[in-house]
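Reviewing the structure listed below.
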Amino acid sequence: MENALLVGLSRQMALARELDVIANNLANTSTNGFKSRSARFNEFIMPVASAETFPSGDRRLSYVIDKGTPIDLSQGALERTGNPLDVALREDNYLVVQTPNGQRYTRAGSLSLNQQGELVTKGGQQVLGEGGPIRFSNTETNFSIAVDGTVSSDQGVRGKLRQVRFNNPRALSSDGNNLFASATPPLPAGPQARLEPGAIEGSNVKAIIEMTRLMEVQRSYQGIANMMTKTDELRTKAISRLADQQA
Amino acid sequence: MRALQTAATGMMAQELNVQVISNNIANVRTTGYKRQTVHFQDLLYENFRRAGSATSDQNTMVPAGTFIGSGVKTTSTGRIMSQGNLSSTEKQYDVAIRGEGLFKIRMPDGRTTYSRDGSFDLDAQGQLVTRDGYTVEPGITVPNNATSVSINAQGTVEVQLPGQTAPQTLGQLQLTRFVNKVGLESIGDNLFVETAASGPAIDGVGGGEGFGSLQQNYLEEGNVQAVTELTTLIAAQRAYEMNSKVITAADQMMSATTSMFRG
């Protein structure tokens, strides 16, 4: 009977973890280029514990374990900003960002200039062009980014945004600050890569789905708690009944 | 439960979002006002199973890891420095900038500030000043017998004096630009000050390289778009509500746990 409590506990832990994932998705509904994650659960056959009380005997117990939080790579809604330095990426392409820990990748294409006139993300990290950082001199105006990523001003072309893609984008790890890290080097997105200037990609969190999952998680959690209480009552009852038997 | 803190960061972010939106809406009729937008970033992730870690000796690996995020943070409330509409005021000391550049204003304490608000006037000494009485660089004094004043696209101020046929030049209004004008700090009163992020001030005049031209008798309206602000406001309100629902759910889950305990 203790097993029932432990199985319930494994489910509760997994549900609490799923709630954390939902909370993070909903907290980031206004984050540009955010990609939501979901929780995946697996059955975990407990190798040691087994229930001997079942008729068939020695049946293995199933626990639940959260195996991963796969990323949802679907496109977020495009929001037109009219800001010449905003770009929304298409398909599964990413911009390359230089950070102190190495290159990172982002879909948050809300760019600006720093005091040196370099193109940076809103977090202040350099956005890399195909030939390194893109820099403007202080007399330039009328910045524009073309659909192929060419960055120019009234004084001519200043570089081309480096767009990359991944063989297995699902293996990207979230690094915070709207950045993704990859264990494998990226592939060039190719000359056909197109982006959308003057727009930014919103978060791809689907509020309705998140709210439904939230309700589901809450109800299952309560259900499990209820089951565990019942199991406990059963045990209390069993102990007191058995103890009442007169010898 | 981490979800409580995560949802709290979400609520705080949306609260800030609403603050910025309401400030934009409050300044919808402010001359030379530049609207702000809030940018968010996701917070750090806790990594339970790292993608790519080995799952067996046969080189199988975790295809997608377990990442639990811890919410959202605000990166910047950057200003959108786009051009506002020009509206005709028929006032001779009203000047709007079409294009790049800011007016250079000398404060009473000697500091230099910058503004897109060109609603100027004369003070008791005939000097060109802002609505608050701060001197507009480079300090132009209009003689009290001038019959008309004209400011051309380059910012040259000319006056017509009685008894003279040719207009007399008094000076040229100074414009300033910054590499990263979004990095300027607002200090209220339609004024901006230079920061480390904005880069150093680059002085020039109207029509110079990279500078816009001036337009007398016009003022630049704020660049707030009411419809956009209201849509963002609705989205922010709903996002706030959803985050509060997460808190309620987490609270009820915790209460389910505590009610299991019967002493």
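Residue numbering restarts at 1 for every chain of the structure tokens, chains are lettered A, B, ... in their displayed order, and ligands are numbered from 1 as they appear.
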Excluding Ser198 (chain B) and any residue of its chain fewer than 6 positions from it, enumerate the residues within 8 Å of it, using only C-alpha atoms, and give them as a short mmCIF file (atom, residue, chain, number, x, y, z; two decimals) with N, CA and C atoms, in the first residue's frame.
```cif
data_model
loop_
_atom_site.label_atom_id
_atom_site.label_comp_id
_atom_site.auth_asym_id
_atom_site.auth_seq_id
_atom_site.Cartn_x
_atom_site.Cartn_y
_atom_site.Cartn_z
N ASN A 114 24.32 50.55 -30.26
CA ASN A 114 24.93 50.93 -28.99
C ASN A 114 25.73 52.21 -29.19
N GLN A 115 26.48 52.63 -28.16
CA GLN A 115 27.15 53.93 -28.28
C GLN A 115 28.25 53.94 -29.32
N PHE B 178 22.77 61.91 -31.96
CA PHE B 178 23.49 60.88 -31.22
C PHE B 178 23.49 59.60 -32.05
N VAL B 179 24.57 58.81 -31.90
CA VAL B 179 24.63 57.54 -32.62
C VAL B 179 23.44 56.68 -32.21
N ASN B 180 23.23 56.57 -30.90
CA ASN B 180 22.14 55.75 -30.38
C ASN B 180 21.18 56.66 -29.62
N LYS B 181 20.31 57.33 -30.37
CA LYS B 181 19.40 58.30 -29.72
C LYS B 181 18.42 57.61 -28.79
N VAL B 182 18.19 56.31 -29.03
CA VAL B 182 17.29 55.55 -28.15
C VAL B 182 17.88 55.47 -26.74
N GLY B 183 19.20 55.61 -26.63
CA GLY B 183 19.86 55.53 -25.33
C GLY B 183 19.81 56.82 -24.52
N LEU B 184 19.19 57.87 -25.06
CA LEU B 184 19.09 59.12 -24.30
C LEU B 184 18.19 58.91 -23.09
#
```
Point to revise | 8 Å contact set for region 110-127 of chain B, only C-alpha atoms, chain neighbours under 2 positions out, as a ChimeraX atom specification | key: /B:31-33,93-97,101-108,129-131,133,135,139-144,176,190-194,219-220
Same residues, C-alpha atoms, output as a JSON list (two decimals), in the first residue's frame:
```json
[["chain", "number", "residue", "atom", "x", "y", "z"],
["B", 31, "THR", "CA", 4.71, 68.17, -28.23],
["B", 32, "GLY", "CA", 7.75, 66.21, -29.38],
["B", 33, "TYR", "CA", 6.91, 63.22, -27.13],
["B", 93, "TYR", "CA", 8.65, 81.00, -32.71],
["B", 94, "ASP", "CA", 7.36, 77.46, -33.14],
["B", 95, "VAL", "CA", 9.91, 75.27, -34.90],
["B", 96, "ALA", "CA", 9.61, 71.60, -35.79],
["B", 97, "ILE", "CA", 12.42, 69.31, -36.88],
["B", 101, "GLY", "CA", 18.36, 65.98, -34.63],
["B", 102, "LEU", "CA", 17.38, 67.54, -31.36],
["B", 103, "PHE", "CA", 17.41, 71.13, -30.19],
["B", 104, "LYS", "CA", 20.16, 71.95, -27.71],
["B", 105, "ILE", "CA", 18.85, 73.60, -24.55],
["B", 106, "ARG", "CA", 20.99, 75.27, -21.87],
["B", 107, "MET", "CA", 19.56, 74.70, -18.42],
["B", 108, "PRO", "CA", 19.74, 77.33, -15.66],
["B", 129, "VAL", "CA", 13.84, 80.36, -24.79],
["B", 130, "THR", "CA", 11.75, 77.24, -24.26],
["B", 131, "ARG", "CA", 8.34, 77.31, -22.58],
["B", 133, "GLY", "CA", 12.45, 79.85, -19.98],
["B", 135, "THR", "CA", 17.95, 79.26, -23.36],
["B", 139, "GLY", "CA", 21.37, 82.00, -27.55],
["B", 140, "ILE", "CA", 19.64, 84.26, -30.01],
["B", 141, "THR", "CA", 18.39, 87.68, -28.94],
["B", 142, "VAL", "CA", 15.72, 89.28, -31.08],
["B", 143, "PRO", "CA", 15.79, 93.11, -31.03],
["B", 144, "ASN", "CA", 12.58, 94.56, -29.62],
["B", 176, "THR", "CA", 22.54, 67.75, -32.03],
["B", 190, "ASN", "CA", 10.23, 67.11, -22.87],
["B", 191, "LEU", "CA", 13.99, 67.06, -22.25],
["B", 192, "PHE", "CA", 16.60, 64.40, -22.84],
["B", 193, "VAL", "CA", 20.14, 64.15, -21.47],
["B", 194, "GLU", "CA", 23.16, 62.36, -22.86],
["B", 219, "LEU", "CA", 5.25, 71.84, -34.01],
["B", 220, "GLU", "CA", 5.99, 68.14, -33.91]]
```
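Shortest separation to chain A among B:Arg49, B:Arg29, B:Arg79, B:Lys34 occurs at residue B:Arg49, atoms counted being only C-alpha atoms.
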With a distance threshold of 8 Å and counting only C-alpha atoms, extract the residues of chain B near chain A and express them as a short mmCIF file (atom, residue, chain, number, x, y, z; two decimals) with all heavy atoms, in the first residue's frame.
```cif
data_model
loop_
_atom_site.label_atom_id
_atom_site.label_comp_id
_atom_site.auth_asym_id
_atom_site.auth_seq_id
_atom_site.Cartn_x
_atom_site.Cartn_y
_atom_site.Cartn_z
N MET B 1 6.73 26.18 -4.30
CA MET B 1 6.44 25.98 -5.72
C MET B 1 7.02 27.12 -6.55
O MET B 1 6.74 28.28 -6.32
CB MET B 1 4.94 25.91 -5.92
CG MET B 1 4.50 24.51 -6.26
SD MET B 1 2.79 24.45 -6.64
CE MET B 1 2.35 22.96 -5.80
N ARG B 2 7.81 26.72 -7.55
CA ARG B 2 8.46 27.73 -8.38
C ARG B 2 7.44 28.52 -9.21
O ARG B 2 7.64 29.70 -9.48
CB ARG B 2 9.44 27.02 -9.31
CG ARG B 2 10.22 27.94 -10.19
CD ARG B 2 10.58 27.23 -11.46
NE ARG B 2 11.41 26.08 -11.18
CZ ARG B 2 12.73 26.13 -11.25
NH1 ARG B 2 13.31 27.23 -11.58
NH2 ARG B 2 13.43 25.07 -10.97
N ALA B 3 6.33 27.83 -9.59
CA ALA B 3 5.35 28.48 -10.45
C ALA B 3 4.84 29.78 -9.84
O ALA B 3 4.51 30.72 -10.57
CB ALA B 3 4.18 27.52 -10.70
N LEU B 4 4.76 29.84 -8.52
CA LEU B 4 4.30 31.08 -7.87
C LEU B 4 5.22 32.24 -8.22
O LEU B 4 4.76 33.31 -8.62
CB LEU B 4 4.26 30.89 -6.35
CG LEU B 4 3.07 30.13 -5.80
CD1 LEU B 4 3.26 29.90 -4.31
CD2 LEU B 4 1.79 30.89 -6.05
N THR B 6 7.39 32.37 -10.67
CA THR B 6 7.40 32.59 -12.11
C THR B 6 6.22 33.46 -12.52
O THR B 6 6.37 34.42 -13.27
CB THR B 6 7.34 31.23 -12.83
OG1 THR B 6 8.38 30.41 -12.31
CG2 THR B 6 7.54 31.38 -14.31
N ALA B 7 5.04 33.09 -12.01
CA ALA B 7 3.84 33.86 -12.37
C ALA B 7 3.94 35.28 -11.81
O ALA B 7 3.48 36.23 -12.44
CB ALA B 7 2.60 33.17 -11.83
N THR B 9 6.67 37.06 -11.59
CA THR B 9 7.48 37.87 -12.51
C THR B 9 6.64 38.28 -13.70
O THR B 9 6.77 39.39 -14.20
CB THR B 9 8.73 37.10 -13.01
OG1 THR B 9 8.31 36.00 -13.80
CG2 THR B 9 9.62 36.63 -11.89
N GLY B 10 5.75 37.37 -14.15
CA GLY B 10 4.87 37.69 -15.26
C GLY B 10 3.93 38.82 -14.92
O GLY B 10 3.71 39.73 -15.73
N MET B 11 3.38 38.79 -13.72
CA MET B 11 2.45 39.86 -13.32
C MET B 11 3.18 41.19 -13.20
O MET B 11 2.68 42.23 -13.63
CB MET B 11 1.77 39.51 -11.99
CG MET B 11 0.73 38.42 -12.15
SD MET B 11 -0.04 37.95 -10.60
CE MET B 11 -1.29 39.19 -10.44
N HIS B 39 10.43 45.97 -23.60
CA HIS B 39 10.95 44.73 -24.16
C HIS B 39 11.24 43.76 -23.03
O HIS B 39 11.83 44.15 -22.02
CB HIS B 39 12.20 44.99 -24.98
CG HIS B 39 11.88 45.72 -26.25
ND1 HIS B 39 11.53 45.07 -27.39
CD2 HIS B 39 11.82 47.03 -26.51
CE1 HIS B 39 11.27 45.97 -28.33
NE2 HIS B 39 11.44 47.16 -27.82
N PHE B 40 10.83 42.52 -23.25
CA PHE B 40 11.00 41.50 -22.22
C PHE B 40 11.96 40.42 -22.68
O PHE B 40 12.10 40.17 -23.87
CB PHE B 40 9.66 40.86 -21.87
CG PHE B 40 8.66 41.84 -21.33
CD1 PHE B 40 7.55 42.20 -22.06
CD2 PHE B 40 8.85 42.40 -20.08
CE1 PHE B 40 6.64 43.10 -21.57
CE2 PHE B 40 7.94 43.30 -19.58
CZ PHE B 40 6.83 43.66 -20.33
N GLN B 41 12.58 39.76 -21.72
CA GLN B 41 13.42 38.60 -22.01
C GLN B 41 13.07 37.50 -21.02
O GLN B 41 12.67 37.80 -19.89
CB GLN B 41 14.90 38.95 -21.84
CG GLN B 41 15.44 39.82 -22.95
CD GLN B 41 16.93 40.00 -22.85
OE1 GLN B 41 17.50 39.84 -21.79
NE2 GLN B 41 17.55 40.32 -23.96
N ASP B 42 13.28 36.25 -21.44
CA ASP B 42 13.03 35.16 -20.50
C ASP B 42 14.19 35.06 -19.51
O ASP B 42 15.32 35.43 -19.81
CB ASP B 42 12.76 33.82 -21.20
CG ASP B 42 13.74 33.51 -22.32
OD1 ASP B 42 14.58 34.34 -22.61
OD2 ASP B 42 13.63 32.41 -22.89
N LEU B 43 13.88 34.59 -18.32
CA LEU B 43 14.90 34.49 -17.26
C LEU B 43 15.67 33.18 -17.40
O LEU B 43 15.42 32.39 -18.29
CB LEU B 43 14.20 34.54 -15.90
CG LEU B 43 13.93 35.92 -15.31
CD1 LEU B 43 13.12 35.78 -14.04
CD2 LEU B 43 15.23 36.63 -15.02
N LEU B 44 16.55 32.96 -16.48
CA LEU B 44 17.40 31.77 -16.54
C LEU B 44 16.59 30.47 -16.49
O LEU B 44 15.50 30.44 -15.95
CB LEU B 44 18.37 31.78 -15.36
CG LEU B 44 19.53 32.73 -15.53
CD1 LEU B 44 20.40 32.69 -14.31
CD2 LEU B 44 20.32 32.37 -16.77
N TYR B 45 17.16 29.44 -17.06
CA TYR B 45 16.52 28.12 -17.08
C TYR B 45 17.27 27.17 -16.17
O TYR B 45 18.49 27.22 -16.09
CB TYR B 45 16.50 27.56 -18.49
CG TYR B 45 15.45 28.21 -19.34
CD1 TYR B 45 15.65 29.48 -19.85
CD2 TYR B 45 14.25 27.57 -19.60
CE1 TYR B 45 14.67 30.10 -20.61
CE2 TYR B 45 13.28 28.18 -20.35
CZ TYR B 45 13.49 29.44 -20.86
OH TYR B 45 12.51 30.04 -21.61
N ARG B 49 17.69 17.77 -17.52
CA ARG B 49 18.35 16.82 -18.42
C ARG B 49 18.86 17.64 -19.57
O ARG B 49 18.09 18.24 -20.31
CB ARG B 49 17.33 15.82 -18.95
CG ARG B 49 17.19 14.56 -18.15
CD ARG B 49 15.89 13.89 -18.51
NE ARG B 49 15.92 13.31 -19.85
CZ ARG B 49 16.30 12.05 -20.10
NH1 ARG B 49 16.68 11.27 -19.13
NH2 ARG B 49 16.29 11.57 -21.31
N ARG B 50 20.17 17.71 -19.72
CA ARG B 50 20.74 18.53 -20.77
C ARG B 50 20.60 17.81 -22.11
O ARG B 50 20.90 16.64 -22.22
CB ARG B 50 22.22 18.80 -20.46
CG ARG B 50 22.85 19.82 -21.37
CD ARG B 50 24.20 20.22 -20.83
NE ARG B 50 24.09 21.18 -19.74
CZ ARG B 50 23.84 22.47 -19.92
NH1 ARG B 50 23.67 22.95 -21.12
NH2 ARG B 50 23.75 23.28 -18.90
N ALA B 51 20.12 18.55 -23.11
CA ALA B 51 20.01 17.97 -24.44
C ALA B 51 21.40 17.54 -24.91
O ALA B 51 22.37 18.27 -24.74
CB ALA B 51 19.42 19.00 -25.40
N GLY B 52 21.48 16.35 -25.47
CA GLY B 52 22.76 15.89 -25.99
C GLY B 52 23.57 15.09 -24.99
O GLY B 52 24.64 14.58 -25.33
N PRO B 63 17.45 13.70 -26.93
CA PRO B 63 17.22 14.55 -28.10
C PRO B 63 16.80 15.97 -27.74
O PRO B 63 17.16 16.92 -28.42
CB PRO B 63 16.11 13.82 -28.85
CG PRO B 63 15.43 13.01 -27.83
CD PRO B 63 16.40 12.69 -26.76
N ALA B 64 16.01 16.11 -26.70
CA ALA B 64 15.59 17.44 -26.27
C ALA B 64 15.55 17.42 -24.76
O ALA B 64 14.91 16.56 -24.17
CB ALA B 64 14.22 17.77 -26.84
N GLY B 65 16.23 18.35 -24.14
CA GLY B 65 16.40 18.32 -22.70
C GLY B 65 15.20 18.83 -21.94
O GLY B 65 14.17 19.18 -22.52
N THR B 66 15.33 18.83 -20.63
CA THR B 66 14.29 19.39 -19.77
C THR B 66 14.76 20.74 -19.28
O THR B 66 15.78 20.84 -18.60
CB THR B 66 14.05 18.48 -18.57
OG1 THR B 66 13.78 17.18 -19.04
CG2 THR B 66 12.88 18.97 -17.74
N PHE B 67 14.06 21.78 -19.67
CA PHE B 67 14.42 23.12 -19.25
C PHE B 67 13.24 23.73 -18.54
O PHE B 67 12.15 23.79 -19.09
CB PHE B 67 14.76 23.99 -20.46
CG PHE B 67 15.97 23.52 -21.18
CD1 PHE B 67 15.85 22.66 -22.27
CD2 PHE B 67 17.22 23.92 -20.78
CE1 PHE B 67 16.96 22.21 -22.93
CE2 PHE B 67 18.34 23.47 -21.44
CZ PHE B 67 18.22 22.61 -22.52
N ILE B 68 13.44 24.13 -17.31
CA ILE B 68 12.36 24.79 -16.59
C ILE B 68 12.77 26.25 -16.41
O ILE B 68 13.76 26.55 -15.74
CB ILE B 68 12.13 24.14 -15.22
CG1 ILE B 68 12.02 22.63 -15.36
CG2 ILE B 68 10.91 24.74 -14.55
CD1 ILE B 68 10.70 22.08 -15.74
N GLY B 69 12.02 27.12 -17.04
CA GLY B 69 12.33 28.55 -16.98
C GLY B 69 11.83 29.16 -15.70
O GLY B 69 10.99 28.58 -15.01
N SER B 70 12.35 30.33 -15.38
CA SER B 70 11.91 30.94 -14.13
C SER B 70 11.26 32.29 -14.34
O SER B 70 11.27 33.12 -13.44
CB SER B 70 13.07 31.01 -13.14
OG SER B 70 14.21 31.49 -13.79
N GLY B 71 10.69 32.52 -15.51
CA GLY B 71 9.88 33.71 -15.67
C GLY B 71 10.44 34.71 -16.66
O GLY B 71 11.13 34.35 -17.61
N VAL B 72 10.13 35.97 -16.43
CA VAL B 72 10.38 37.01 -17.41
C VAL B 72 11.00 38.21 -16.71
O VAL B 72 10.79 38.43 -15.52
CB VAL B 72 9.06 37.36 -18.14
CG1 VAL B 72 8.04 37.94 -17.20
CG2 VAL B 72 9.28 38.30 -19.31
N THR B 75 13.92 44.14 -20.17
CA THR B 75 15.25 44.56 -20.60
C THR B 75 15.32 46.06 -20.79
O THR B 75 16.26 46.70 -20.36
CB THR B 75 15.67 43.97 -21.96
OG1 THR B 75 14.50 43.60 -22.66
CG2 THR B 75 16.63 42.85 -21.79
N SER B 76 14.36 46.61 -21.48
CA SER B 76 14.44 48.04 -21.73
C SER B 76 13.06 48.60 -21.96
O SER B 76 12.13 47.89 -22.32
CB SER B 76 15.31 48.30 -22.96
OG SER B 76 14.72 47.73 -24.08
N ILE B 80 10.67 54.93 -29.09
CA ILE B 80 10.64 54.84 -30.55
C ILE B 80 10.82 56.27 -31.02
O ILE B 80 9.96 57.13 -30.78
CB ILE B 80 9.29 54.29 -31.04
CG1 ILE B 80 8.94 53.01 -30.30
CG2 ILE B 80 9.29 54.12 -32.54
CD1 ILE B 80 9.54 51.76 -30.81
N SER B 82 10.65 57.72 -33.80
CA SER B 82 10.17 58.03 -35.15
C SER B 82 9.58 59.44 -35.18
O SER B 82 9.25 60.03 -34.16
CB SER B 82 9.12 57.00 -35.56
OG SER B 82 7.98 57.15 -34.75
N GLU B 100 16.28 63.93 -38.54
CA GLU B 100 17.16 63.70 -37.38
C GLU B 100 17.50 64.99 -36.66
O GLU B 100 17.54 66.06 -37.25
CB GLU B 100 18.46 63.07 -37.85
CG GLU B 100 18.33 61.65 -38.33
CD GLU B 100 18.14 60.69 -37.19
OE1 GLU B 100 18.87 60.80 -36.20
OE2 GLU B 100 17.25 59.85 -37.29
N PHE B 178 22.77 61.91 -31.96
CA PHE B 178 23.49 60.88 -31.22
C PHE B 178 23.49 59.60 -32.05
O PHE B 178 22.53 59.34 -32.78
CB PHE B 178 22.82 60.61 -29.87
CG PHE B 178 22.86 61.78 -28.95
CD1 PHE B 178 21.88 62.75 -28.99
CD2 PHE B 178 23.92 61.94 -28.07
CE1 PHE B 178 21.95 63.85 -28.16
CE2 PHE B 178 23.99 63.04 -27.25
CZ PHE B 178 23.00 64.00 -27.28
N VAL B 179 24.57 58.81 -31.90
CA VAL B 179 24.63 57.54 -32.62
C VAL B 179 23.44 56.68 -32.21
O VAL B 179 22.72 56.13 -33.03
CB VAL B 179 25.94 56.79 -32.28
CG1 VAL B 179 25.96 55.45 -32.98
CG2 VAL B 179 27.13 57.61 -32.69
N ASN B 180 23.23 56.57 -30.90
CA ASN B 180 22.14 55.75 -30.38
C ASN B 180 21.18 56.66 -29.62
O ASN B 180 21.22 56.74 -28.40
CB ASN B 180 22.70 54.66 -29.48
CG ASN B 180 21.61 53.82 -28.87
OD1 ASN B 180 20.53 53.71 -29.43
ND2 ASN B 180 21.89 53.26 -27.72
N VAL B 182 18.19 56.31 -29.03
CA VAL B 182 17.29 55.55 -28.15
C VAL B 182 17.88 55.47 -26.74
O VAL B 182 17.17 55.33 -25.75
CB VAL B 182 17.06 54.14 -28.75
CG1 VAL B 182 16.17 53.29 -27.88
CG2 VAL B 182 16.47 54.26 -30.14
N GLY B 183 19.20 55.61 -26.63
CA GLY B 183 19.86 55.53 -25.33
C GLY B 183 19.81 56.82 -24.52
O GLY B 183 20.33 56.85 -23.41
N ALA B 196 25.86 57.32 -21.24
CA ALA B 196 26.95 56.51 -21.80
C ALA B 196 26.44 55.69 -22.97
O ALA B 196 27.19 55.41 -23.90
CB ALA B 196 27.52 55.60 -20.72
N ALA B 197 25.17 55.30 -22.93
CA ALA B 197 24.63 54.45 -23.99
C ALA B 197 24.33 55.23 -25.27
O ALA B 197 24.33 54.66 -26.35
CB ALA B 197 23.36 53.76 -23.52
N SER B 198 24.06 56.52 -25.14
CA SER B 198 23.66 57.28 -26.32
C SER B 198 24.85 57.60 -27.21
O SER B 198 24.70 57.87 -28.39
CB SER B 198 22.97 58.57 -25.90
OG SER B 198 23.90 59.41 -25.25
N GLY B 199 26.04 57.56 -26.65
CA GLY B 199 27.22 58.01 -27.39
C GLY B 199 27.35 59.51 -27.25
O GLY B 199 26.44 60.18 -26.76
N PRO B 200 28.49 60.08 -27.66
CA PRO B 200 28.68 61.51 -27.47
C PRO B 200 27.79 62.33 -28.41
O PRO B 200 27.39 61.86 -29.47
CB PRO B 200 30.17 61.71 -27.80
CG PRO B 200 30.52 60.57 -28.67
CD PRO B 200 29.65 59.42 -28.28
N ILE B 202 26.77 64.92 -31.20
CA ILE B 202 27.37 65.38 -32.45
C ILE B 202 26.60 66.63 -32.85
O ILE B 202 25.41 66.57 -33.13
CB ILE B 202 27.24 64.31 -33.55
CG1 ILE B 202 27.88 63.00 -33.06
CG2 ILE B 202 27.87 64.77 -34.84
CD1 ILE B 202 27.22 61.77 -33.62
N GLU B 209 24.97 67.26 -42.76
CA GLU B 209 25.06 65.83 -43.03
C GLU B 209 24.37 65.03 -41.93
O GLU B 209 24.76 65.11 -40.76
CB GLU B 209 26.52 65.39 -43.14
CG GLU B 209 26.64 64.01 -43.76
CD GLU B 209 28.09 63.55 -43.81
OE1 GLU B 209 28.94 64.13 -43.12
OE2 GLU B 209 28.35 62.60 -44.54
N GLY B 210 23.36 64.29 -42.27
CA GLY B 210 22.65 63.47 -41.31
C GLY B 210 21.61 64.22 -40.49
O GLY B 210 20.90 63.62 -39.70
N ALA B 236 -1.97 43.34 -22.54
CA ALA B 236 -1.27 43.35 -21.25
C ALA B 236 -2.21 42.96 -20.12
O ALA B 236 -1.85 42.20 -19.22
CB ALA B 236 -0.68 44.73 -21.00
N ALA B 239 -2.85 39.24 -20.26
CA ALA B 239 -1.67 38.49 -19.83
C ALA B 239 -1.54 38.54 -18.31
O ALA B 239 -1.18 37.55 -17.67
CB ALA B 239 -0.42 39.06 -20.49
N MET B 242 -3.99 36.11 -16.85
CA MET B 242 -3.59 34.70 -16.97
C MET B 242 -2.53 34.35 -15.95
O MET B 242 -2.55 33.27 -15.37
CB MET B 242 -3.09 34.43 -18.39
CG MET B 242 -4.23 34.33 -19.37
SD MET B 242 -3.73 33.70 -20.94
CE MET B 242 -2.75 35.04 -21.53
N ASN B 243 -1.60 35.28 -15.72
CA ASN B 243 -0.57 35.01 -14.72
C ASN B 243 -1.17 34.89 -13.32
O ASN B 243 -0.71 34.10 -12.50
CB ASN B 243 0.49 36.09 -14.76
CG ASN B 243 1.47 35.87 -15.89
OD1 ASN B 243 2.26 34.94 -15.85
ND2 ASN B 243 1.40 36.70 -16.90
N VAL B 246 -2.48 31.47 -12.81
CA VAL B 246 -1.44 30.49 -12.47
C VAL B 246 -1.19 30.52 -10.96
O VAL B 246 -1.05 29.47 -10.32
CB VAL B 246 -0.13 30.79 -13.24
CG1 VAL B 246 0.98 29.88 -12.77
CG2 VAL B 246 -0.35 30.63 -14.73
N ALA B 249 -3.97 28.71 -9.29
CA ALA B 249 -3.86 27.26 -9.46
C ALA B 249 -2.76 26.70 -8.57
O ALA B 249 -2.96 25.67 -7.90
CB ALA B 249 -3.57 26.95 -10.92
N ALA B 250 -1.62 27.39 -8.54
CA ALA B 250 -0.50 26.91 -7.70
C ALA B 250 -0.90 26.91 -6.24
O ALA B 250 -0.58 25.98 -5.48
CB ALA B 250 0.72 27.79 -7.93
N GLN B 252 -3.96 26.56 -5.07
CA GLN B 252 -4.90 25.48 -4.79
C GLN B 252 -4.20 24.13 -4.76
O GLN B 252 -4.57 23.25 -3.99
CB GLN B 252 -6.03 25.50 -5.81
CG GLN B 252 -7.02 26.61 -5.48
CD GLN B 252 -8.10 26.78 -6.50
OE1 GLN B 252 -8.20 26.01 -7.44
NE2 GLN B 252 -8.90 27.81 -6.32
N MET B 253 -3.16 24.00 -5.60
CA MET B 253 -2.40 22.75 -5.56
C MET B 253 -1.66 22.61 -4.24
O MET B 253 -1.60 21.53 -3.66
CB MET B 253 -1.42 22.70 -6.74
CG MET B 253 -2.11 22.30 -8.03
SD MET B 253 -1.16 22.62 -9.50
CE MET B 253 0.21 21.51 -9.29
N ALA B 256 -4.12 21.60 -1.71
CA ALA B 256 -4.43 20.16 -1.81
C ALA B 256 -3.38 19.35 -1.07
O ALA B 256 -3.69 18.36 -0.41
CB ALA B 256 -4.49 19.76 -3.28
N THR B 257 -2.12 19.78 -1.21
CA THR B 257 -1.05 19.07 -0.52
C THR B 257 -1.18 19.19 0.99
O THR B 257 -1.08 18.20 1.72
CB THR B 257 0.31 19.64 -0.96
OG1 THR B 257 0.36 19.63 -2.37
CG2 THR B 257 1.46 18.83 -0.40
N MET B 260 -3.73 17.13 2.74
CA MET B 260 -3.46 15.70 2.88
C MET B 260 -2.95 15.38 4.27
O MET B 260 -3.07 14.25 4.75
CB MET B 260 -2.38 15.27 1.86
CG MET B 260 -2.89 15.05 0.47
SD MET B 260 -1.54 15.11 -0.71
CE MET B 260 -0.54 13.77 -0.14
#
```
Practice prompt. Could you tell me, as an MDAnalysis selection string, which residues of region 8-232 of chain B DSSP assigns to alpha helix (DSSP H) when given the backbone?
Written response: chainID B and resid 8:26 226:232
For this session: Tell me, in Å to one decimal, how far CA of Pro138 (chain B) is from CA of Asp109 (chain B).
Result: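 Going from CA of Pro138 (chain B) over to CA of Asp109 (chain B), I get 15.9 Å.
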